[in-house]
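Asks: This is the content of protein-v1.csv (CSV, C-alpha atoms and all ligand atoms):
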chain,number,residue,atom,x,y,z
A,1,MET,CA,-29.2,-6.4,-25.4
A,2,LYS,CA,-28.2,-2.8,-25.3
A,3,THR,CA,-27.5,-1.3,-21.9
A,4,PRO,CA,-30.5,1.0,-21.0
A,5,GLU,CA,-30.1,4.6,-19.9
A,6,PRO,CA,-30.7,4.9,-16.1
A,7,ILE,CA,-33.7,7.1,-15.1
A,8,VAL,CA,-33.2,6.9,-11.3
A,9,GLU,CA,-30.1,6.8,-9.2
A,10,ILE,CA,-29.1,5.8,-5.6
A,11,ALA,CA,-27.9,9.2,-4.4
A,12,ALA,CA,-26.8,8.3,-0.8
A,13,THR,CA,-27.1,5.6,1.8
A,14,GLY,CA,-27.1,5.3,5.6
A,15,ARG,CA,-27.2,2.5,8.2
A,16,TYR,CA,-27.9,1.9,11.9
A,17,LEU,CA,-26.8,-1.1,13.9
A,18,PRO,CA,-27.5,-1.7,17.6
A,19,SER,CA,-24.2,-1.6,19.5
A,20,ASN,CA,-24.7,-4.9,21.4
A,21,VAL,CA,-22.6,-7.7,19.8
A,22,VAL,CA,-23.7,-11.3,20.4
A,23,THR,CA,-21.2,-13.9,19.5
A,24,ASN,CA,-21.7,-17.5,18.7
A,25,ASP,CA,-20.2,-18.5,22.0
A,26,ASP,CA,-22.8,-16.2,23.7
A,27,LEU,CA,-25.6,-18.2,21.9
A,28,ALA,CA,-24.1,-21.5,23.0
A,29,SER,CA,-25.2,-20.5,26.5
A,30,VAL,CA,-28.8,-20.0,25.3
A,31,VAL,CA,-29.3,-23.0,23.0
A,32,ASP,CA,-27.5,-26.3,22.3
A,33,THR,CA,-25.1,-25.1,19.6
A,34,THR,CA,-21.4,-24.3,19.0
A,35,ASP,CA,-19.3,-21.6,17.4
A,36,GLU,CA,-17.9,-24.3,15.1
A,37,TRP,CA,-21.3,-25.5,13.9
A,38,ILE,CA,-22.6,-22.0,13.2
A,39,GLN,CA,-19.5,-20.8,11.4
A,40,SER,CA,-19.0,-23.9,9.3
A,41,ARG,CA,-22.7,-24.0,8.2
A,42,THR,CA,-23.4,-20.2,7.8
A,43,GLY,CA,-20.2,-18.2,8.0
A,44,ILE,CA,-21.7,-16.1,10.9
A,45,ARG,CA,-19.4,-15.2,13.8
A,46,GLU,CA,-21.6,-12.6,15.5
A,47,ARG,CA,-24.7,-10.4,15.2
A,48,ARG,CA,-26.1,-7.2,16.7
A,49,ILE,CA,-29.1,-7.6,19.0
A,50,GLY,CA,-30.9,-4.5,20.2
A,51,PRO,CA,-32.7,-4.1,23.5
A,52,ASP,CA,-36.4,-5.3,23.6
A,53,ASP,CA,-37.7,-1.7,23.6
A,54,LEU,CA,-35.7,-0.5,20.6
A,55,LEU,CA,-38.3,0.1,17.9
A,56,ALA,CA,-37.9,-0.7,14.2
A,57,ALA,CA,-39.1,2.8,13.5
A,58,GLU,CA,-36.3,4.4,15.6
A,59,MET,CA,-33.7,2.2,13.9
A,60,GLY,CA,-35.1,3.2,10.5
A,61,ARG,CA,-35.1,6.8,11.4
A,62,GLN,CA,-31.4,6.8,12.2
A,63,ALA,CA,-30.4,5.0,9.0
A,64,ALA,CA,-32.7,7.4,6.9
A,65,ALA,CA,-31.5,10.5,8.6
A,66,GLN,CA,-27.9,9.6,7.7
A,67,ALA,CA,-28.8,8.9,4.1
A,68,MET,CA,-30.7,12.2,3.9
A,69,GLU,CA,-27.8,14.2,5.4
A,70,ARG,CA,-25.3,12.6,2.9
A,71,ALA,CA,-27.7,13.4,0.0
A,72,GLY,CA,-28.2,17.0,1.2
A,73,VAL,CA,-31.9,16.4,1.4
A,74,GLU,CA,-34.2,18.3,3.9
A,75,ALA,CA,-37.1,16.5,5.5
A,76,GLY,CA,-39.7,18.6,3.6
A,77,GLU,CA,-38.2,17.6,0.2
A,78,VAL,CA,-38.9,13.9,0.6
A,79,ASP,CA,-41.9,12.8,-1.7
A,80,ILE,CA,-42.2,9.1,-0.9
A,81,ILE,CA,-41.0,6.8,1.9
A,82,VAL,CA,-41.1,3.1,1.3
A,83,VAL,CA,-40.3,1.0,4.3
A,84,SER,CA,-39.5,-2.7,4.1
A,85,THR,CA,-39.9,-4.6,7.4
A,86,ALA,CA,-40.9,-8.1,8.6
A,87,THR,CA,-40.9,-6.7,12.1
A,88,PRO,CA,-43.3,-3.8,12.2
A,89,ASP,CA,-43.6,-2.1,15.7
A,90,ARG,CA,-47.4,-2.6,15.5
A,91,TRP,CA,-49.9,-4.0,12.9
A,92,LEU,CA,-51.6,-0.6,12.2
A,93,PRO,CA,-50.6,1.9,11.1
A,94,SER,CA,-47.4,1.3,9.1
A,95,THR,CA,-43.8,1.7,10.4
A,96,ALA,CA,-43.3,3.9,7.4
A,97,CYS,CA,-45.8,6.5,8.9
A,98,ASP,CA,-44.0,6.3,12.2
A,99,ILE,CA,-40.6,7.0,10.5
A,100,GLN,CA,-42.2,9.8,8.5
A,101,ALA,CA,-43.4,11.5,11.7
A,102,LEU,CA,-40.0,10.9,13.5
A,103,LEU,CA,-38.2,12.5,10.5
A,104,GLY,CA,-40.7,15.3,9.9
A,105,CYS,CA,-41.1,14.4,6.2
A,106,ASP,CA,-44.5,16.1,6.2
A,107,ASN,CA,-44.8,16.3,2.4
A,108,ALA,CA,-44.3,12.6,1.7
A,109,LEU,CA,-46.6,9.6,1.3
A,110,ALA,CA,-45.4,6.7,3.4
A,111,PHE,CA,-46.2,3.0,3.4
A,112,ASP,CA,-44.7,-0.4,4.4
A,113,LEU,CA,-43.8,-3.1,1.9
A,114,GLN,CA,-43.8,-6.7,3.0
A,115,ALA,CA,-41.5,-8.9,0.9
A,116,ALA,CA,-39.3,-10.3,3.7
A,117,CYS,CA,-35.6,-10.3,2.9
A,118,SER,CA,-36.3,-9.1,-0.7
A,119,GLY,CA,-38.1,-6.0,0.6
A,120,TRP,CA,-35.4,-3.4,0.1
A,121,LEU,CA,-34.7,-4.3,-3.5
A,122,TYR,CA,-38.5,-4.5,-4.2
A,123,GLY,CA,-38.8,-1.1,-2.5
A,124,VAL,CA,-36.1,0.4,-4.7
A,125,THR,CA,-37.9,-0.8,-7.8
A,126,MET,CA,-41.2,0.7,-6.5
A,127,ALA,CA,-39.6,4.0,-5.8
A,128,GLU,CA,-37.8,3.9,-9.2
A,129,GLY,CA,-41.2,3.6,-10.9
A,130,PHE,CA,-42.7,6.5,-8.8
A,131,LEU,CA,-39.8,8.8,-9.7
A,132,ALA,CA,-39.7,7.6,-13.3
A,133,ALA,CA,-43.4,8.5,-13.7
A,134,GLY,CA,-42.6,12.0,-12.5
A,135,ARG,CA,-44.6,11.7,-9.3
A,136,GLY,CA,-41.8,13.2,-7.2
A,137,GLU,CA,-38.1,14.1,-7.0
A,138,VAL,CA,-36.9,12.4,-3.8
A,139,ALA,CA,-37.6,8.9,-2.6
A,140,LEU,CA,-36.5,7.3,0.7
A,141,VAL,CA,-36.2,3.5,0.7
A,142,VAL,CA,-35.7,2.2,4.2
A,143,ALA,CA,-35.2,-1.4,5.5
A,144,THR,CA,-35.6,-1.9,9.2
A,145,GLU,CA,-35.5,-5.3,10.9
A,146,LYS,CA,-35.8,-6.0,14.6
A,147,MET,CA,-35.4,-9.8,14.0
A,148,SER,CA,-34.6,-10.6,17.6
A,149,ASN,CA,-38.2,-9.8,18.6
A,150,ILE,CA,-39.7,-12.5,16.3
A,151,LEU,CA,-37.1,-15.2,16.8
A,152,ASP,CA,-37.8,-18.4,18.8
A,153,TRP,CA,-34.9,-18.3,21.3
A,154,THR,CA,-35.5,-22.0,22.1
A,155,ASP,CA,-35.1,-23.1,18.4
A,156,ARG,CA,-31.3,-23.5,17.6
A,157,SER,CA,-32.0,-24.0,13.9
A,158,THR,CA,-33.3,-20.4,13.4
A,159,CYS,CA,-32.2,-18.1,16.3
A,160,VAL,CA,-28.5,-18.4,15.5
A,161,LEU,CA,-29.0,-17.1,11.9
A,162,PHE,CA,-30.5,-13.6,12.3
A,163,GLY,CA,-29.6,-10.2,13.6
A,164,ASP,CA,-31.0,-6.6,14.0
A,165,GLY,CA,-30.2,-3.7,11.7
A,166,SER,CA,-31.4,-1.0,9.4
A,167,GLY,CA,-30.3,0.5,6.1
A,168,ALA,CA,-31.6,3.3,3.9
A,169,ALA,CA,-31.1,5.1,0.6
A,170,VAL,CA,-32.2,8.3,-1.0
A,171,LEU,CA,-33.2,7.9,-4.7
A,172,ARG,CA,-33.3,10.7,-7.2
A,173,PRO,CA,-33.8,11.2,-10.9
A,174,SER,CA,-30.5,10.2,-12.7
A,175,ASP,CA,-28.3,12.4,-14.9
A,176,GLY,CA,-28.4,9.6,-17.4
A,177,GLN,CA,-25.0,8.2,-16.5
A,178,ARG,CA,-25.3,6.9,-12.9
A,179,GLY,CA,-28.3,4.8,-11.8
A,180,ILE,CA,-30.4,1.7,-12.0
A,181,LEU,CA,-29.9,-0.3,-15.3
A,182,SER,CA,-32.2,-3.2,-14.7
A,183,ALA,CA,-34.2,-5.2,-12.1
A,184,HIS,CA,-35.9,-8.5,-12.0
A,185,HIS,CA,-38.3,-9.6,-9.2
A,186,ARG,CA,-40.5,-12.6,-8.7
A,187,SER,CA,-42.5,-14.4,-5.9
A,188,ASP,CA,-44.0,-17.9,-5.3
A,189,GLY,CA,-46.8,-18.0,-2.8
A,190,HIS,CA,-47.1,-21.8,-3.1
A,191,LEU,CA,-44.0,-22.1,-0.9
A,192,ALA,CA,-45.1,-19.7,1.9
A,193,GLU,CA,-44.9,-22.4,4.6
A,194,LEU,CA,-41.1,-22.8,4.1
A,195,LEU,CA,-40.5,-19.6,6.1
A,196,HIS,CA,-43.3,-18.0,8.1
A,197,ARG,CA,-44.8,-16.9,11.3
A,198,PRO,CA,-48.0,-19.0,11.4
A,199,ALA,CA,-49.9,-17.2,14.3
A,200,GLY,CA,-50.8,-13.6,15.1
A,201,GLY,CA,-53.0,-12.7,12.1
A,202,VAL,CA,-56.5,-13.5,10.9
A,203,ARG,CA,-55.7,-17.1,9.8
A,204,GLN,CA,-54.4,-18.2,13.2
A,205,PRO,CA,-55.2,-15.6,15.9
A,206,LEU,CA,-52.8,-15.2,18.8
A,207,ASP,CA,-54.2,-17.3,21.7
A,208,ASP,CA,-52.7,-19.3,24.5
A,209,THR,CA,-52.1,-22.4,22.3
A,210,ALA,CA,-50.2,-20.4,19.7
A,211,LEU,CA,-48.1,-18.7,22.4
A,212,GLN,CA,-47.3,-22.0,24.0
A,213,SER,CA,-46.3,-23.6,20.7
A,214,HIS,CA,-44.3,-20.5,19.7
A,215,ASP,CA,-46.4,-20.3,16.5
A,216,HIS,CA,-46.2,-16.5,16.6
A,217,LEU,CA,-42.4,-16.7,16.0
A,218,LEU,CA,-40.4,-17.4,12.9
A,219,LYS,CA,-40.4,-21.0,11.6
A,220,MET,CA,-38.1,-22.2,8.7
A,221,SER,CA,-37.4,-25.3,6.7
A,222,GLY,CA,-33.7,-24.6,6.4
A,223,ARG,CA,-32.7,-27.1,3.7
A,224,GLU,CA,-35.6,-26.3,1.4
A,225,ILE,CA,-35.0,-22.6,1.8
A,226,PHE,CA,-31.3,-23.1,1.0
A,227,LYS,CA,-32.0,-24.9,-2.3
A,228,ASN,CA,-34.6,-22.4,-3.4
A,229,ALA,CA,-32.4,-19.4,-2.4
A,230,VAL,CA,-29.5,-20.6,-4.6
A,231,ARG,CA,-31.7,-21.4,-7.6
A,232,SER,CA,-33.7,-18.1,-7.4
A,233,MET,CA,-30.8,-15.8,-6.8
A,234,ALA,CA,-29.0,-17.3,-9.7
A,235,GLU,CA,-32.0,-17.0,-12.0
A,236,ALA,CA,-32.7,-13.4,-11.0
A,237,SER,CA,-29.0,-12.4,-11.5
A,238,ASP,CA,-29.1,-13.9,-15.0
A,239,LYS,CA,-32.2,-12.0,-15.9
A,240,ALA,CA,-31.0,-8.7,-14.4
A,241,LEU,CA,-27.7,-9.0,-16.2
A,242,GLN,CA,-29.4,-9.8,-19.5
A,243,GLN,CA,-31.7,-6.8,-19.2
A,244,ALA,CA,-28.7,-4.6,-18.4
A,245,GLY,CA,-26.9,-5.9,-21.5
A,246,LEU,CA,-24.0,-7.1,-19.3
A,247,THR,CA,-22.4,-10.4,-18.1
A,248,GLY,CA,-20.8,-11.4,-14.9
A,249,ASP,CA,-17.5,-10.2,-16.3
A,250,ASP,CA,-18.8,-6.6,-16.4
A,251,ILE,CA,-19.7,-6.6,-12.7
A,252,ASP,CA,-17.2,-4.7,-10.5
A,253,LEU,CA,-18.9,-5.5,-7.2
A,254,MET,CA,-21.6,-7.9,-6.1
A,255,ILE,CA,-23.6,-7.0,-3.0
A,256,PRO,CA,-25.9,-10.0,-2.3
A,257,HIS,CA,-28.4,-10.6,0.5
A,258,GLN,CA,-26.4,-11.8,3.5
A,259,ALA,CA,-28.1,-15.0,4.8
A,260,ASN,CA,-25.4,-17.6,4.6
A,261,ILE,CA,-21.8,-17.5,3.1
A,262,ARG,CA,-22.5,-20.8,1.3
A,263,ILE,CA,-25.6,-19.3,-0.5
A,264,ILE,CA,-23.5,-16.2,-1.4
A,265,GLU,CA,-20.6,-18.3,-2.8
A,266,ALA,CA,-22.9,-20.4,-4.9
A,267,THR,CA,-24.8,-17.4,-6.3
A,268,ALA,CA,-21.5,-15.6,-7.1
A,269,LYS,CA,-20.1,-18.7,-8.8
A,270,TYR,CA,-23.1,-19.2,-10.9
A,271,ALA,CA,-23.0,-15.5,-12.1
A,272,GLY,CA,-19.2,-16.0,-12.8
A,273,ILE,CA,-18.2,-13.4,-10.3
A,274,PRO,CA,-15.0,-14.2,-8.2
A,275,MET,CA,-15.4,-13.8,-4.4
A,276,GLU,CA,-12.9,-10.9,-4.4
A,277,LYS,CA,-15.6,-8.9,-6.1
A,278,VAL,CA,-18.3,-9.9,-3.6
A,279,TYR,CA,-19.1,-7.8,-0.5
A,280,VAL,CA,-19.6,-10.0,2.6
A,281,ASN,CA,-20.5,-8.9,6.1
A,282,VAL,CA,-22.7,-11.9,7.1
A,283,ASP,CA,-19.9,-12.9,9.5
A,284,ARG,CA,-20.4,-9.7,11.5
A,285,TYR,CA,-24.2,-9.3,11.4
A,286,GLY,CA,-25.9,-12.5,10.4
A,287,ASN,CA,-29.0,-12.3,8.4
A,288,MET,CA,-30.7,-8.9,8.9
A,289,SER,CA,-33.5,-9.8,6.4
A,290,SER,CA,-34.2,-6.8,4.0
A,291,ALA,CA,-31.7,-4.6,5.9
A,292,SER,CA,-28.8,-6.8,4.8
A,293,ILE,CA,-28.2,-5.3,1.3
A,294,PRO,CA,-28.5,-1.6,2.2
A,295,VAL,CA,-26.2,-2.0,5.2
A,296,ALA,CA,-23.7,-3.9,3.1
A,297,LEU,CA,-23.9,-1.2,0.4
A,298,ASP,CA,-23.4,1.6,2.9
A,299,GLU,CA,-20.4,-0.2,4.4
A,300,ALA,CA,-18.9,-0.8,0.9
A,301,ILE,CA,-19.2,2.9,0.0
A,302,GLU,CA,-17.6,3.9,3.3
A,303,GLU,CA,-14.7,1.5,2.8
A,304,GLY,CA,-14.1,2.9,-0.7
A,305,ARG,CA,-15.1,-0.3,-2.5
A,306,VAL,CA,-17.7,1.6,-4.5
A,307,ARG,CA,-16.2,4.0,-7.0
A,308,PRO,CA,-17.7,6.1,-9.8
A,309,GLY,CA,-18.4,4.2,-13.0
A,310,MET,CA,-18.7,0.8,-11.4
A,311,ASN,CA,-21.4,-1.8,-12.3
A,312,ILE,CA,-23.0,-3.3,-9.2
A,313,LEU,CA,-25.2,-6.4,-8.9
A,314,SER,CA,-27.4,-7.2,-6.0
A,315,ALA,CA,-29.5,-10.4,-5.6
A,316,THR,CA,-31.8,-11.3,-2.8
A,317,PHE,CA,-34.2,-14.0,-1.6
A,318,GLY,CA,-36.7,-14.4,1.2
A,319,ALA,CA,-40.0,-15.5,2.7
A,320,GLY,CA,-43.0,-15.5,0.4
A,321,LEU,CA,-41.1,-16.9,-1.3
A,322,THR,CA,-39.8,-13.7,-2.9
A,323,TRP,CA,-36.6,-13.0,-4.8
A,324,GLY,CA,-34.9,-10.5,-7.2
A,325,ALA,CA,-31.8,-8.9,-8.5
A,326,MET,CA,-30.8,-5.4,-9.6
A,327,VAL,CA,-27.9,-4.0,-11.6
A,328,TRP,CA,-26.9,-0.3,-11.3
A,329,ARG,CA,-24.0,2.0,-12.3
A,330,THR,CA,-22.3,4.3,-9.7
B,1,LIG,N1,-26.3,-25.9,16.3
B,1,LIG,C1,-26.0,-27.2,16.3
B,1,LIG,N2,-26.7,-28.1,15.5
B,1,LIG,C2,-27.8,-27.6,14.8
B,1,LIG,C3,-28.1,-26.2,14.9
B,1,LIG,C4,-27.3,-25.4,15.6
B,1,LIG,N3,-27.6,-24.0,15.7
B,1,LIG,N4,-29.2,-26.0,14.1
B,1,LIG,C5,-29.5,-27.2,13.6
B,1,LIG,N5,-28.7,-28.2,14.0
B,1,LIG,C6,-28.6,-29.6,13.8
B,1,LIG,C7,-30.0,-30.1,13.3
B,1,LIG,O1,-30.8,-30.4,14.4
B,1,LIG,C8,-29.5,-31.3,12.5
B,1,LIG,O2,-29.4,-32.4,13.4
B,1,LIG,P1,-29.9,-33.8,13.1
B,1,LIG,O3,-29.2,-34.2,11.8
B,1,LIG,O4,-29.5,-34.6,14.3
B,1,LIG,O5,-31.4,-33.7,12.9
B,1,LIG,C9,-28.1,-31.0,12.0
B,1,LIG,O6,-27.7,-29.8,12.7
B,1,LIG,C10,-28.0,-30.7,10.5
B,1,LIG,O7,-29.1,-29.8,10.1
B,1,LIG,P2,-29.2,-29.4,8.6
B,1,LIG,O8,-30.5,-28.7,8.4
B,1,LIG,O9,-28.8,-30.6,7.7
B,1,LIG,O10,-28.0,-28.4,8.5
B,1,LIG,P3,-27.6,-27.6,7.2
B,1,LIG,O11,-26.2,-28.0,6.8
B,1,LIG,O12,-28.6,-27.7,6.1
B,1,LIG,O13,-27.6,-26.1,7.7
B,1,LIG,C11,-28.9,-24.2,7.8
B,1,LIG,C12,-28.7,-25.6,8.3
B,1,LIG,C13,-27.7,-23.3,8.2
B,1,LIG,C14,-30.1,-23.6,8.4
B,1,LIG,C15,-29.0,-24.2,6.3
B,1,LIG,O14,-30.0,-25.1,5.9
B,1,LIG,C16,-29.3,-22.8,5.7
B,1,LIG,O15,-28.5,-21.9,5.8
B,1,LIG,N6,-30.5,-22.7,5.1
B,1,LIG,C17,-30.9,-21.4,4.6
B,1,LIG,C18,-31.4,-20.6,5.7
B,1,LIG,C19,-31.5,-19.2,5.3
B,1,LIG,O16,-30.6,-18.6,4.8
B,1,LIG,N7,-32.7,-18.6,5.6
B,1,LIG,C20,-33.0,-17.3,5.4
B,1,LIG,C21,-33.1,-17.0,3.9
B,1,LIG,S1,-34.5,-16.2,3.6
B,1,LIG,C22,-34.3,-14.9,4.5
B,1,LIG,O17,-33.2,-14.3,4.5
B,1,LIG,C23,-35.4,-14.5,5.4
Take the structure in the file and give it back as structure tokens.
Replies:
Amino acid sequence: MKTPEPIVEIAATGRYLPSNVVTNDDLASVVDTTDEWIQSRTGIRERRIGPDDLLAAEMGRQAAAQAMERAGVEAGEVDIIVVSTATPDRWLPSTACDIQALLGCDNALAFDLQAACSGWLYGVTMAEGFLAAGRGEVALVVATEKMSNILDWTDRSTCVLFGDGSGAAVLRPSDGQRGILSAHHRSDGHLAELLHRPAGGVRQPLDDTALQSHDHLLKMSGREIFKNAVRSMAEASDKALQQAGLTGDDIDLMIPHQANIRIIEATAKYAGIPMEKVYVNVDRYGNMSSASIPVALDEAIEEGRVRPGMNILSATFGAGLTWGAMVWRT
């Protein structure tokens, strides 16, 4: 397949991470676990955990403001704000509207997108479509995840895996050289119960029983998720590479979702991409759900690992189940 001409580009990125570092040893005093177990199973050494009253919207505002400043975009120029979060500050209205108000983007439409860990990549594709249709000139795609507020801190099989963080990007129409070459996204709602928060909505309202059984917090079937993650990210990477008319050999840098080093290694191996070409920060932040990819991208840019003319592949996977991959040229 011929490589398509990009219509929309990622113009600039930003990130926000709470300053409080929580190591595996710190967690060993909270649940029955060890640094050795966590590192050998996941590759995670530490994560950032914000204070209880730090809002997802405030984290998102900081990441978005940095991306806007780097893109040279004023608040009034933003046409659309897409916010991915599995940890909204409240159920109604959206965290996106709170971020809009905090930033003063008074000419934008703003809404939340719920696709768990895949949400930022989904959001980039939604914003790409909006800009490609000529509905606006500047899009802000933010992922903001305050995972520590939805974790069960008595469940060692989940609480050691996640961290807090936020990442953002400004998208603009492309000059035809740089930009998004392809994207492939899918979901499978039949597997919803593998990773979910059962209570707190219409299906199972929040009551004393739910609170006592911790049903309002995140629950996960780790092994099943692991198998599905590797299969789905590999399939999505294949499809995105095909659409872009490229193979793994053409990829200069892979920036995958950062859930577990073993999932990252398996996905990279399947796509034929050596680990030297894969950006990894799961060791420092754990799984920040949909914020993982934009934070990793922002760090990779800052470290000089992203240079003009590179082909980049991102692949992701999350609750829903949802998954996807995207290829773009810098
Ligand atoms: N410390 C010590 N022991 C633990 C811990 C812990 N933190 N957690 C679980 N164990 C124990 C279990 O109880 C189990 O004990 P048992 O055999 O006596 O019952 C034992 O360790 C082995 O458990 P497994 O589930 O077999 O361990 P596995 O090697 O599969 O690793 C893990 C578990 C890390 C959760 C892995 O399955 C995984 O990474 N799954 C994917 C999780 C993921 O990435 N989720 C997010 C993706 S989607 C998204 O990003 C939202």
Asks: Of the candidates A:Ile273, A:Ala266, A:Leu55, A:Ala259, which shows the shortest atom-to-atom distance to Gly318 (chain A), using only C-alpha atoms?
Replies: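 Using only C-alpha atoms, Gly318 (chain A) sits closest to A:Ala259.
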Asks: May I ask you to write as a ChimeraX atom specification all residues lying at most 6 Å from ligand LIG 1 (chain B), with all atoms listed in the file counted?
Replies: /A:33-34,37-38,41-42,116-117,156-157,160,222-223,225-226,259-260,289,317-319
Asks: Around (-36.6, 10.9, 4.9), as given in the file, which residues come within 12 Å? Count only C-alpha atoms and list them as a PyMOL selection string.
Replies: chain A and resi 12-14+60-83+96-110+138-142+168-171
Asks: With all atoms listed in the file counted and 9 Å as the cut-off, give the residues of region 86-178 of chain A in contact with region 299-316 of chain A, each with its shortest interatomic distance in Å and the pair that gives it, as JSON lines.
Replies:
{"residue": "A:Cys117", "atom": "CA", "partner": "A:Thr316", "partner_atom": "CA", "distance": 6.9}
{"residue": "A:Ser118", "atom": "CA", "partner": "A:Thr316", "partner_atom": "CA", "distance": 5.4}
{"residue": "A:Gly119", "atom": "CA", "partner": "A:Thr316", "partner_atom": "CA", "distance": 8.9}
{"residue": "A:Leu121", "atom": "CA", "partner": "A:Thr316", "partner_atom": "CA", "distance": 7.6}
{"residue": "A:Gln177", "atom": "CA", "partner": "A:Gly309", "partner_atom": "CA", "distance": 8.5}
{"residue": "A:Arg178", "atom": "CA", "partner": "A:Gly309", "partner_atom": "CA", "distance": 7.4}
Asks: Choose the residue, out of A:Leu181, A:Arg186, A:Ala115, A:Arg48, that has the smallest atom-to-atom separation from Met1 (chain A); count all atoms listed in the file.
Replies: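 Using all atoms listed in the file, Met1 (chain A) sits closest to A:Leu181.
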Asks: Can you pull out the residues contacting Ala210 (chain A)? Cut-off 12 Å, using only C-alpha atoms, and skip same-chain residues under 4 positions away; I want them as a PyMOL selection string.
Replies: chain A and resi 197-201+203-206+214-217
Asks: Pull the neighbourhood of (-35.1, -10.2, 15.0) for me: all residues within 12 Å in file coordinates, counting all atoms listed in the file, as number ranges by chain.
Replies: A: 18, 47-52, 54-56, 85-89, 144-153, 158-166, 217-218, 285-291
Asks: Hey, which of A:Ser237, A:Ser182, A:Gln114, A:Ser29 ends up closest to Ala325 (chain A)? Count all atoms listed in the file.
Replies: A:Ser237
Asks: Quote the spacing between CA of Lys2 (chain A) and CA of Gln243 (chain A) in Å to one decimal place.
Replies: 8.1 Å
Asks: Need to verify the contact set: region 8-10 of chain A, 6 Å, only C-alpha atoms, exclusion of same-chain residues closer than 4 positions in sequence. Can you return it as a PyMOL selection string?
Replies: chain A and resi 128+171-174+179-180
Asks: For Leu241 (chain A), which residue among A:Pro4, A:Gly176, A:Gly43, A:Gly129 is the nearest when counting all atoms listed in the file?
Replies: A:Pro4
Asks: Work out how far CA of Gly320 (chain A) is from CA of Asp112 (chain A), in Å to one decimal.
Replies: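 Atom-to-atom, CA of Asp112 (chain A) and CA of Gly320 (chain A) are spaced 15.7 Å apart.
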Asks: If I only have part of region 124-135 of chain A, can you fill in N, CA, C and O atoms and write it as a PDB file, keeping the file's coordinate frame?
Replies:
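The resulting file, result-v3.pdb, is shown below:
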ATOM      1  N   VAL A 124     -36.812  -0.423  -3.786  1.00  0.00           N
ATOM      2  CA  VAL A 124     -36.100   0.400  -4.700  1.00  0.00           C
ATOM      3  C   VAL A 124     -36.757   0.454  -6.075  1.00  0.00           C
ATOM      4  O   VAL A 124     -36.907   1.509  -6.704  1.00  0.00           O
ATOM      5  N   THR A 125     -37.231  -0.709  -6.516  1.00  0.00           N
ATOM      6  CA  THR A 125     -37.900  -0.800  -7.800  1.00  0.00           C
ATOM      7  C   THR A 125     -39.248   0.002  -7.773  1.00  0.00           C
ATOM      8  O   THR A 125     -39.611   0.688  -8.734  1.00  0.00           O
ATOM      9  N   MET A 126     -39.975  -0.105  -6.627  1.00  0.00           N
ATOM     10  CA  MET A 126     -41.200   0.700  -6.500  1.00  0.00           C
ATOM     11  C   MET A 126     -40.939   2.163  -6.562  1.00  0.00           C
ATOM     12  O   MET A 126     -41.615   2.922  -7.256  1.00  0.00           O
ATOM     13  N   ALA A 127     -39.927   2.592  -5.818  1.00  0.00           N
ATOM     14  CA  ALA A 127     -39.600   4.000  -5.800  1.00  0.00           C
ATOM     15  C   ALA A 127     -39.062   4.486  -7.139  1.00  0.00           C
ATOM     16  O   ALA A 127     -39.357   5.608  -7.582  1.00  0.00           O
ATOM     17  N   GLU A 128     -38.316   3.608  -7.817  1.00  0.00           N
ATOM     18  CA  GLU A 128     -37.800   3.900  -9.200  1.00  0.00           C
ATOM     19  C   GLU A 128     -38.998   4.247 -10.085  1.00  0.00           C
ATOM     20  O   GLU A 128     -38.989   5.236 -10.831  1.00  0.00           O
ATOM     21  N   GLY A 129     -40.016   3.387 -10.021  1.00  0.00           N
ATOM     22  CA  GLY A 129     -41.200   3.600 -10.900  1.00  0.00           C
ATOM     23  C   GLY A 129     -41.902   4.900 -10.557  1.00  0.00           C
ATOM     24  O   GLY A 129     -42.322   5.638 -11.459  1.00  0.00           O
ATOM     25  N   PHE A 130     -42.022   5.214  -9.273  1.00  0.00           N
ATOM     26  CA  PHE A 130     -42.700   6.500  -8.800  1.00  0.00           C
ATOM     27  C   PHE A 130     -41.942   7.676  -9.372  1.00  0.00           C
ATOM     28  O   PHE A 130     -42.555   8.597  -9.935  1.00  0.00           O
ATOM     29  N   LEU A 131     -40.608   7.656  -9.241  1.00  0.00           N
ATOM     30  CA  LEU A 131     -39.800   8.800  -9.700  1.00  0.00           C
ATOM     31  C   LEU A 131     -39.815   8.854 -11.250  1.00  0.00           C
ATOM     32  O   LEU A 131     -39.916   9.938 -11.835  1.00  0.00           O
ATOM     33  N   ALA A 132     -39.719   7.675 -11.876  1.00  0.00           N
ATOM     34  CA  ALA A 132     -39.700   7.600 -13.300  1.00  0.00           C
ATOM     35  C   ALA A 132     -40.981   8.162 -13.942  1.00  0.00           C
ATOM     36  O   ALA A 132     -40.986   8.755 -15.028  1.00  0.00           O
ATOM     37  N   ALA A 133     -42.084   7.978 -13.202  1.00  0.00           N
ATOM     38  CA  ALA A 133     -43.400   8.500 -13.700  1.00  0.00           C
ATOM     39  C   ALA A 133     -43.541   9.971 -13.436  1.00  0.00           C
ATOM     40  O   ALA A 133     -44.572  10.555 -13.780  1.00  0.00           O
ATOM     41  N   GLY A 134     -42.541  10.571 -12.776  1.00  0.00           N
ATOM     42  CA  GLY A 134     -42.600  12.000 -12.500  1.00  0.00           C
ATOM     43  C   GLY A 134     -43.481  12.404 -11.363  1.00  0.00           C
ATOM     44  O   GLY A 134     -43.918  13.551 -11.258  1.00  0.00           O
ATOM     45  N   ARG A 135     -43.758  11.434 -10.465  1.00  0.00           N
ATOM     46  CA  ARG A 135     -44.600  11.700  -9.300  1.00  0.00           C
ATOM     47  C   ARG A 135     -43.901  12.438  -8.184  1.00  0.00           C
ATOM     48  O   ARG A 135     -44.515  12.812  -7.186  1.00  0.00           O
TER      49      ARG A 135
END
